[in-house]
4 protein chains.
Amino acid sequence: MSKNRLEAFSDGVIAIIITIMVLELKPPHSTDAAGLADVLPGWLRYALSFVYVGIYWINHHALLDRVAKVDGAALWANLHLLFWMSLIPYVTAWAGEHPMAPAPVALYGVVLLLCSISFMLLSWRLDIDAGGHAMAWGSRKNRVSIALYALAILLSLWYAPLGAVIHVLLALLWLMPEVGAPRSA
Amino acid sequence: MSKNRLEAFSDGVIAIIITIMVLELKPPHSTDAAGLADVLPGWLRYALSFVYVGIYWINHHALLDRVAKVDGAALWANLHLLFWMSLIPYVTAWAGEHPMAPAPVALYGVVLLLCSISFMLLSWRLDIDAGGHAMAWGSRKNRVSIALYALAILLSLWYAPLGAVIHVLLALLWLMPEVGAPRSA
Amino acid sequence: MSKNRLEAFSDGVIAIIITIMVLELKPPHSTDAAGLADVLPGWLRYALSFVYVGIYWINHHALLDRVAKVDGAALWANLHLLFWMSLIPYVTAWAGEHPMAPAPVALYGVVLLLCSISFMLLSWRLDIDAGGHAMAWGSRKNRVSIALYALAILLSLWYAPLGAVIHVLLALLWLMPEVGAPRSA
Amino acid sequence: MSKNRLEAFSDGVIAIIITIMVLELKPPHSTDAAGLADVLPGWLRYALSFVYVGIYWINHHALLDRVAKVDGAALWANLHLLFWMSLIPYVTAWAGEHPMAPAPVALYGVVLLLCSISFMLLSWRLDIDAGGHAMAWGSRKNRVSIALYALAILLSLWYAPLGAVIHVLLALLWLMPEVGAPRSA
């Protein structure tokens, strides 16, 4: 399969993920201020997930720019990344509805962690396709992120908002353009 | 990232937004005339939103035609626009179900206002990419629209149908082809 | 806007319509034969709508093959067609759940009728774009279909299954390849 | 219609199928371990379906690589495959919610069986388009799979988890890259 087709398919899946999340967003139960306050955590979690999917979309392209062709293993490494990303709408809805509960916020972190790991695995596989030695196992930024996602899971189980703070900080870290260069994705 | 990829991704997201809105459309509770009358405001709000998304799709293309390449800031300015557009199905469903309630109709106006502002910001960023001085800050039509969207929010809080009237008038304003030329988008 | 972009966007919307219909398909209430019997009309209606959307997708391409460029009016004539098509998942769900009720089956027919009329209007506009005189107002097959869709609405209001029979017959009529040539779409 | 357009449309539909499945995934009723245990079968069924759709996506491309053009019959053979694939989210949700009930697990198998048969029919039609004699009726692997899918349906009706085991084994069989070559799809 050509790289272009893989990119087009991944773009399609990512465009759908980023757009269908809104279908999981519950409307307020009432039309007064109390109703709005009730759904506010869901809105913020939605915005955060939108940023995450946006970051992945941009980094995914930067990653694929490195290689000229993809083999079957890279195809499955890519589907593996899309699998974990496809769960973002699910955990966004659950964590958005229960912002103070450990399990949903921790599960959100688990999905982010697995997205990050699968991104690293894809990066590793594409390095091999590109003829590299693939000793890097992702950038330092990627490895630091994985450690922080793991920390966020633990903290979420203790006190959920602490996990949410780390989720926000990590999104900000990846928004920095200078460190978001292809190699370090 | 090439402009073509940005356009294809945006087209994908806009195509999904315009299509999934229907999933938020509630079926009538009964199969008689009373049931139909009950869902009629939702249908009209759906049709209005369909027109809005169609207008944005057309103007988005006209906007991108101006530039030859996009940088990282334009990428995020574009995702920012798509973020506010992605909320259109959500507010369409809520305002469609509560056509006389101030909060849902006002919130619909807030999302339209933020779509319009983010479109202006994207326009401004692309002007810089194209080497322009970006002093224009959008066309006069765009600035007038922003003022009217803000007015619609205030009126909605007072009497919701007044806000809805302005939403319809603004859609009609943007449907006029002669003023919908690229520069004034 | 180029014709290619219009086709890609329309294809995207049609692909989403044909796929999200399944989200409106209710699971059986129980896991025994009675539960399956209960959802069977919904399944059949789903299959019928799938065929209709497939027919429109094929004919839409045949239609656009006629022209080299599209103007703003054709753009909106196309969005108009997509608007009515976007309601197919909605009426499929409602008619599928109430196969014996006049209103849902008649409404299904109304949407099919408006899809057919908007397809004819698009055809008429593209004829003008192509330099033709557009006196044809669609093929004879198209005009006959419109009359039959209107008849189906009337019959549905009297006895719903009669309307459903015409919906099936019209799908079969359009499946015939020899009469489905571009000009007669 | 050109082969490229058919591929792009099919890719779009498959990308949507693989992504909207998540919308059918129910959130846990509670945020404790019991709530998670309750939804676990749904998660596993989701993962299995994701793998299946991924396999079909890859094999669909390999299949279309064989031919240079497609005729009207191949177009409908392709829509026929997409029809059965479009039901995967539906049966995934139902079987995921009732992992021990015969009917949902058997129905999941029925849809997989019909996907497999329609893939074989498409393969057969494309062989004719490519000038072949089409005596093969799919590869040996394809024929064996069809027999196993049929067996899974029977076993599901007797004891549902047995059917699920065969569903997993068949996914593993198709994941083997060496036998997943174009011809044997």
# chains A, B, ... in the order shown; residues from 1 in each chain; ligands from 1
$ closest_atom_pairs --of "chain A" --to "chain C" --cutoff "12 Å" --atoms "only C-alpha atoms" --output "CSV"
residue,atom,partner,partner_atom,distance
A:Gly12,CA,C:Gly12,CA,9.6
A:Val13,CA,C:Ile16,CA,11.9
A:Ala15,CA,C:Gly12,CA,11.4
A:Ile16,CA,C:Ile16,CA,9.6
A:Ile20,CA,C:Ile20,CA,10.8
A:Leu23,CA,C:Leu23,CA,11.4
$ write_last_selection --atoms "N, CA, C and O atoms" --output "PDB file, in the first residue's frame"
ATOM      1  N   GLY A  12      -8.706  10.468   7.462  1.00  0.00           N
ATOM      2  CA  GLY A  12     -10.148  10.260   7.527  1.00  0.00           C
ATOM      3  C   GLY A  12     -10.567   9.831   8.922  1.00  0.00           C
ATOM      4  O   GLY A  12     -11.485  10.400   9.512  1.00  0.00           O
ATOM      5  N   VAL A  13      -9.863   8.836   9.460  1.00  0.00           N
ATOM      6  CA  VAL A  13     -10.206   8.340  10.799  1.00  0.00           C
ATOM      7  C   VAL A  13     -10.027   9.450  11.834  1.00  0.00           C
ATOM      8  O   VAL A  13     -10.892   9.665  12.694  1.00  0.00           O
ATOM      9  N   ALA A  15     -10.129  12.708  11.359  1.00  0.00           N
ATOM     10  CA  ALA A  15     -11.172  13.722  11.159  1.00  0.00           C
ATOM     11  C   ALA A  15     -12.488  13.262  11.775  1.00  0.00           C
ATOM     12  O   ALA A  15     -13.229  14.062  12.358  1.00  0.00           O
ATOM     13  N   ILE A  16     -12.781  11.965  11.673  1.00  0.00           N
ATOM     14  CA  ILE A  16     -14.027  11.450  12.248  1.00  0.00           C
ATOM     15  C   ILE A  16     -13.951  11.468  13.776  1.00  0.00           C
ATOM     16  O   ILE A  16     -14.881  11.894  14.448  1.00  0.00           O
ATOM     17  N   ILE A  20     -16.794  13.351  15.876  1.00  0.00           N
ATOM     18  CA  ILE A  20     -17.903  12.638  16.518  1.00  0.00           C
ATOM     19  C   ILE A  20     -17.877  12.763  18.030  1.00  0.00           C
ATOM     20  O   ILE A  20     -18.864  12.447  18.690  1.00  0.00           O
ATOM     21  N   LEU A  23     -20.859  14.183  19.633  1.00  0.00           N
ATOM     22  CA  LEU A  23     -22.090  13.415  19.797  1.00  0.00           C
ATOM     23  C   LEU A  23     -22.207  12.827  21.195  1.00  0.00           C
ATOM     24  O   LEU A  23     -23.289  12.463  21.641  1.00  0.00           O
TER      25      LEU A  23
END
$ closest_atom_pairs --of "segment 38-149 of chain D" --to "segment 161-175 of chain D" --cutoff "10 Å" --atoms "only C-alpha atoms" --output "tab-separated table"
residue	atom	partner	partner_atom	distance
D:Arg45	CA	D:Ala164	CA	8.9
D:Leu48	CA	D:Val168	CA	7.1
D:Ser49	CA	D:Ala171	CA	9.1
D:Val51	CA	D:Ala171	CA	7.1
D:Tyr52	CA	D:Ala171	CA	6.4
D:Gly54	CA	D:Leu175	CA	9.6
D:Ile55	CA	D:Trp174	CA	7.0
D:Tyr56	CA	D:Trp174	CA	9.4
D:Asn59	CA	D:Trp174	CA	9.5
D:Ala95	CA	D:Ala164	CA	9.5
D:Pro99	CA	D:Pro161	CA	7.2
D:Met100	CA	D:Pro161	CA	6.5
D:Ala101	CA	D:Pro161	CA	8.8
D:Pro102	CA	D:Pro161	CA	8.7
D:Val105	CA	D:Gly163	CA	6.8
D:Ala106	CA	D:Gly163	CA	7.2
D:Tyr108	CA	D:His167	CA	9.0
D:Gly109	CA	D:His167	CA	7.4
D:Leu112	CA	D:His167	CA	8.7
D:Lys141	CA	D:Trp174	CA	8.8
D:Asn142	CA	D:Trp174	CA	9.6
D:Val144	CA	D:Leu170	CA	9.9
D:Ser145	CA	D:Leu170	CA	7.0
D:Ile146	CA	D:Leu170	CA	9.9
D:Leu148	CA	D:Ile166	CA	7.4
D:Tyr149	CA	D:His167	CA	7.5
$ atom_distance --atom1 "atom CA of Ala73 of chain C" --atom2 "atom CA of Val53 of chain C"
23.3 Å
$ residues_around --residues "Pro27 of chain A" --least-positions-apart "2" --cutoff "8 Å" --atoms "only C-alpha atoms" --output "count of residues only"
5
$ residues_around --residues "segment 117-126 of chain B" --least-positions-apart "5" --cutoff "12 Å" --atoms "only C-alpha atoms" --output "MDAnalysis selection string"
chainID B and resid 3 55:57 59:85 110:112 131:147 149:150 182:185
